[in-house]
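A short worksheet on the structure shown next.
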Amino acid sequence: MKIDERHLLQLAAVVEAGGVTEGAALIGQSQPAVSRTLSMLEKRIGERLFVAGKRPLQPTALGRQLAIHGKTILAASRKATETVASFRGGGSGRMRVGGVPFFMDAIVSSVIAGFQLKEPGIHFDQSYGHYGDLINALTAGEIDLAVTPAGTQEISAELVFEPLIPARNVVACSAVHPLLGKKKLTKADFLAYPWVAPLPGSPLMLDLTNILLTLGISELAIRYAGGSLHSVLNYLAATKALAIMPLSVIRSLEQDNRVAILPLNIPQPERMIGMIYRRQSAIDPVNRKFITHLRANLENLSRVVARHEASVKWQFGPFMHDRGNLLEG
C-alpha cells in the first residue's frame, strides 16, 4: 500500500495543532480539504487515525506513528519554504568567484570574509586564473564572477565588464632596500639587483617586458619565480630583490611593513581592474548582492590608492623626466 506523502503531512499538521481547522491553517489549506483527506486516508488503511468523540483531537496509536512520519515531511516542507525565501532575499546560496592570484589573495578574499559576516548563509568557491582563462570559465558557466585586469579587449555581448580601479603597477622591494634612499635612479640600478619573475600568463609579465624595452635591456637577473603572494612578500623582505607588483595589492598590505614601494614612475598599462559577469547572473539575488558589496569595496580601495599616488613624490628615473625626455642610463 502506498500512502501519499501529502496526506501524511496533513495528518501531522492536525496532530500538531490539535484540530482540523487549526492544522489546515498551519499548512495553508482549507478545513474541508483536510477533513476529506483524513477521511479518505482512514478508509484507505482501514483503521481510525483519531479517537472517536475526543476534543481536542487525540490520535490513535497508529495515527500517532503515521504523524511522526508526516512530521518529518512537514519539517522538510518548512525548511524548503525558508530556503526559497532566503534565496530570493539573497541570504543563502553559492557564489563562484575567480580572479588573478595576487589580487584575489590580497583583496578579494578579505572582501568575501566581510560579506559573509553579514550573509553567513552564502557559500563561496574561490579559484584562480588570468583574463583568458576567466573569460572561458564565465562563458562555460564554471564561475559566476571574475575579478581581473582588462584592457581594450572586446568581450561578448553576454558578458559585462565593470572597471573599478586603475591597474597601476609599482616596483616593490624590501622596506630596508638600498635604493629607497637614492635620489636619482638609473638603468644600472635595475641591473644591479635580482628580480622576481611575475607569474606566467600574468599581465605583470607583459609590464615587465615593456619596462625592459623602454630601458633597452635584453634581460634582468631573475632569481625567483612561481611563488604565491605570501612567498613573494617573504622573499622580497629577506633579499634585495625587486618585483613588479600591483599598487592596490601593496597598499592593501600596508600593515605588513616589511615591503615598500620604490617611488619610481614606470610605464603604466592601459588597463583597469574590474569585475566581469554574465548579464543573466546579475538577476540572481546572491550574485547581485555580492556584486554590490564588491563594487563598494573596490571603489573605496580606488580612492585609497589615488590618495597614495598623490602623496608620493614619484621619480621618473631612467624612463623620462617631467618634460618627457628619456634620461641617460
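We label chains A, B, ... in the order they appear in the C-alpha cells, count residues from 1 in each chain, and number ligands from 1 in the order shown.
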
Taking 6 positions as the minimum chain separation for residues in the same chain, which residues sit within 12 Å of A:Glu254 when counting only C-alpha atoms? Answer as a list in words.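 Here the qualifying residues turn out to be Ala106, Ala175, Leu233, Leu247, Ser248, Ala260, Ile261, Val304, Val305 and His308 of chain A.
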
Those same residues - C-alpha atoms - I'd like them written as a PDB file, in the first residue's frame.
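Printed below is selection_29.pdb as written:
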```
ATOM      1  CA  ALA A 106      45.369  40.269  -1.025  1.00  0.00           C
ATOM      2  CA  ALA A 175      61.481  48.106   3.438  1.00  0.00           C
ATOM      3  CA  LEU A 233      56.433  39.016   0.013  1.00  0.00           C
ATOM      4  CA  LEU A 247      49.892  49.139  -6.293  1.00  0.00           C
ATOM      5  CA  SER A 248      46.468  48.151  -4.963  1.00  0.00           C
ATOM      6  CA  ALA A 260      57.903  49.023   0.458  1.00  0.00           C
ATOM      7  CA  ILE A 261      57.151  50.745  -2.829  1.00  0.00           C
ATOM      8  CA  VAL A 304      42.768  54.962  -1.117  1.00  0.00           C
ATOM      9  CA  VAL A 305      45.170  54.189  -3.975  1.00  0.00           C
ATOM     10  CA  HIS A 308      48.525  57.371  -2.021  1.00  0.00           C
TER      11      HIS A 308
END
```

Which residues are near stretch 297-303 of chain A? Cut-off 12 Å, only C-alpha atoms, ignore same chain within fewer than 5 positions. Put them as a PyMOL selection string. chain A and resi 103+106-112+114-115+147+162-168+247-253+272-275+290-292+308-310

Just write the chosen residues, C-alpha atoms, as a PDB file, in the first residue's frame.
```
ATOM      1  CA  PHE A 103      44.580  40.414  -6.240  1.00  0.00           C
ATOM      2  CA  ALA A 106      45.369  40.269  -1.025  1.00  0.00           C
ATOM      3  CA  ILE A 107      41.976  41.894  -1.540  1.00  0.00           C
ATOM      4  CA  VAL A 108      39.048  39.792  -2.744  1.00  0.00           C
ATOM      5  CA  SER A 109      39.375  37.085  -0.069  1.00  0.00           C
ATOM      6  CA  SER A 110      39.038  39.775   2.615  1.00  0.00           C
ATOM      7  CA  VAL A 111      36.044  41.279   0.809  1.00  0.00           C
ATOM      8  CA  ILE A 112      34.400  37.841   0.794  1.00  0.00           C
ATOM      9  CA  GLY A 114      33.481  40.834   5.234  1.00  0.00           C
ATOM     10  CA  PHE A 115      30.468  39.906   3.122  1.00  0.00           C
ATOM     11  CA  VAL A 147      37.889  39.815 -10.901  1.00  0.00           C
ATOM     12  CA  GLU A 162      32.714  46.926 -14.768  1.00  0.00           C
ATOM     13  CA  PRO A 163      36.048  48.792 -14.445  1.00  0.00           C
ATOM     14  CA  LEU A 164      36.586  49.786 -10.821  1.00  0.00           C
ATOM     15  CA  ILE A 165      40.243  50.579 -10.136  1.00  0.00           C
ATOM     16  CA  PRO A 166      43.237  51.533 -12.313  1.00  0.00           C
ATOM     17  CA  ALA A 167      45.701  48.683 -12.834  1.00  0.00           C
ATOM     18  CA  ARG A 168      48.592  50.814 -11.541  1.00  0.00           C
ATOM     19  CA  LEU A 247      49.892  49.139  -6.293  1.00  0.00           C
ATOM     20  CA  SER A 248      46.468  48.151  -4.963  1.00  0.00           C
ATOM     21  CA  VAL A 249      47.889  44.874  -3.632  1.00  0.00           C
ATOM     22  CA  ILE A 250      50.803  46.567  -1.840  1.00  0.00           C
ATOM     23  CA  ARG A 251      48.502  49.226  -0.371  1.00  0.00           C
ATOM     24  CA  SER A 252      46.125  46.574   0.958  1.00  0.00           C
ATOM     25  CA  LEU A 253      49.072  45.001   2.792  1.00  0.00           C
ATOM     26  CA  MET A 272      41.609  48.625 -15.381  1.00  0.00           C
ATOM     27  CA  ILE A 273      40.859  46.106 -12.659  1.00  0.00           C
ATOM     28  CA  GLY A 274      37.197  45.274 -12.512  1.00  0.00           C
ATOM     29  CA  MET A 275      34.638  42.514 -12.418  1.00  0.00           C
ATOM     30  CA  PHE A 290      27.764  40.269  -3.693  1.00  0.00           C
ATOM     31  CA  ILE A 291      28.418  42.337  -6.835  1.00  0.00           C
ATOM     32  CA  THR A 292      27.089  45.392  -4.977  1.00  0.00           C
ATOM     33  CA  HIS A 308      48.525  57.371  -2.021  1.00  0.00           C
ATOM     34  CA  GLU A 309      49.591  58.197  -5.577  1.00  0.00           C
ATOM     35  CA  ALA A 310      49.001  61.888  -4.924  1.00  0.00           C
TER      36      ALA A 310
END
```

Among the residues A:Arg96, A:Lys2, A:Arg55, A:Lys182, the one that comes closest to A:Ser281 [using only C-alpha atoms]: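 Under the stated criterion, the closest residue is A:Arg96.
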
Secondary structure check, strand (DSSP E) residues of stretch 27-142 of chain A, as a ChimeraX atom specification: /A:93-99,122-128

Set the distance at 12 Å and use only C-alpha atoms: which residues neighbour A:Glu154 once local chain neighbours fewer than 4 positions away are removed? I'd like the list as JSON, numbers by chain. {"A": [131, 132, 135, 150, 158, 159, 160, 161]}

Please produce a file of those selected residues containing C-alpha atoms, as a compact mmCIF listing (two decimals), in the first residue's frame.
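What follows is the written file selection-v1.txt:
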```
# COMPACT_ATOMS: atom_id res chain seq x y z
CA TYR A 131 41.98 37.02 -18.24
CA GLY A 132 41.60 34.41 -20.99
CA ILE A 135 36.50 34.54 -19.73
CA ALA A 150 41.27 44.15 -18.57
CA GLU A 158 26.50 38.27 -22.89
CA LEU A 159 29.24 39.49 -20.53
CA VAL A 160 29.50 42.73 -18.56
CA PHE A 161 32.82 44.33 -17.54
```

Shortest interatomic distance to A:Val100 - which of A:Pro120, A:Gly70, A:Pro203, A:Pro269, counting only C-alpha atoms: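 Distance minimum relative to A:Val100 lands on A:Pro203.
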
Quick one: of A:Arg6, A:Arg223, A:Arg94, A:Arg48, who's nearest to A:Asp144, counting only C-alpha atoms?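 Checking each candidate against A:Asp144, we get A:Arg94 as the closest.
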
Determine which residues of stretch 130-160 of chain A receive a DSSP assignment of alpha helix (DSSP H), computed from the backbone, and state them as a PyMOL selection string. chain A and resi 131-139

One-decimal distance in Å that lies between atom CA of A:Met104 and atom CA of A:Tyr128: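 Atom CA of A:Tyr128 sits 7.7 Å away from atom CA of A:Met104.
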
Could you give me, as JSON lines, every stretch 23-120 of chain A residue with an atom at most 9 Å from stretch 8-14 of chain A, plus its closest atom pair and distance in Å to one decimal, counting only C-alpha atoms, rows ordered by chain then number?
```
{"residue": "A:Gly23", "atom": "CA", "partner": "A:Val14", "partner_atom": "CA", "distance": 4.1}
{"residue": "A:Ala24", "atom": "CA", "partner": "A:Val14", "partner_atom": "CA", "distance": 7.0}
{"residue": "A:Ala25", "atom": "CA", "partner": "A:Ala13", "partner_atom": "CA", "distance": 8.9}
{"residue": "A:Leu26", "atom": "CA", "partner": "A:Ala13", "partner_atom": "CA", "distance": 6.6}
{"residue": "A:Ile27", "atom": "CA", "partner": "A:Ala13", "partner_atom": "CA", "distance": 7.0}
{"residue": "A:Val34", "atom": "CA", "partner": "A:Gln10", "partner_atom": "CA", "distance": 6.6}
{"residue": "A:Thr37", "atom": "CA", "partner": "A:Gln10", "partner_atom": "CA", "distance": 7.8}
{"residue": "A:Leu38", "atom": "CA", "partner": "A:Leu11", "partner_atom": "CA", "distance": 6.8}
{"residue": "A:Leu41", "atom": "CA", "partner": "A:Leu8", "partner_atom": "CA", "distance": 8.9}
{"residue": "A:Leu49", "atom": "CA", "partner": "A:Leu11", "partner_atom": "CA", "distance": 8.7}
{"residue": "A:Leu57", "atom": "CA", "partner": "A:Val14", "partner_atom": "CA", "distance": 8.3}
{"residue": "A:Gly63", "atom": "CA", "partner": "A:Leu11", "partner_atom": "CA", "distance": 7.9}
{"residue": "A:Arg64", "atom": "CA", "partner": "A:Ala12", "partner_atom": "CA", "distance": 8.4}
{"residue": "A:Leu66", "atom": "CA", "partner": "A:Leu8", "partner_atom": "CA", "distance": 6.7}
{"residue": "A:Ala67", "atom": "CA", "partner": "A:Ala12", "partner_atom": "CA", "distance": 4.4}
{"residue": "A:Ile68", "atom": "CA", "partner": "A:Ala12", "partner_atom": "CA", "distance": 6.9}
{"residue": "A:His69", "atom": "CA", "partner": "A:Leu8", "partner_atom": "CA", "distance": 6.9}
{"residue": "A:Gly70", "atom": "CA", "partner": "A:Leu8", "partner_atom": "CA", "distance": 4.3}
{"residue": "A:Lys71", "atom": "CA", "partner": "A:Ala12", "partner_atom": "CA", "distance": 5.2}
{"residue": "A:Thr72", "atom": "CA", "partner": "A:Leu9", "partner_atom": "CA", "distance": 8.2}
{"residue": "A:Ile73", "atom": "CA", "partner": "A:Leu9", "partner_atom": "CA", "distance": 5.9}
{"residue": "A:Leu74", "atom": "CA", "partner": "A:Leu9", "partner_atom": "CA", "distance": 5.4}
{"residue": "A:Ser77", "atom": "CA", "partner": "A:Leu9", "partner_atom": "CA", "distance": 8.9}
```

Residues within 8 Å of A:Pro101, only C-alpha atoms, excluding chain neighbours under 6 positions, as JSON, numbers by chain: {"A": [128, 129, 228, 229]}

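Compared by their closest atoms to A:His130, and using only C-alpha atoms, the residues A:Asn169, A:Ser174, A:Ser202, A:Ser30 rank with A:Ser202 nearest.
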
Could you check the closest approach to A:Gly181 for each of A:Gln126, A:Val196, A:Gly121, A:Leu262 and tell me which residue wins, using only C-alpha atoms?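 Distance minimum relative to A:Gly181 lands on A:Leu262.
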
Selection near A:Pro200, 10 Å with only C-alpha atoms, sequence-local residues under 3 positions removed, as a VMD selection string: chain A and resid 130 197 203 to 206 225 to 226

To one decimal place in Å, what is the distance between atom CA of A:Val171 and atom CA of A:Thr148? 19.9 Å

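The space between atom CA of A:His123 and atom CA of A:Gly93 spans 6.3 Å.
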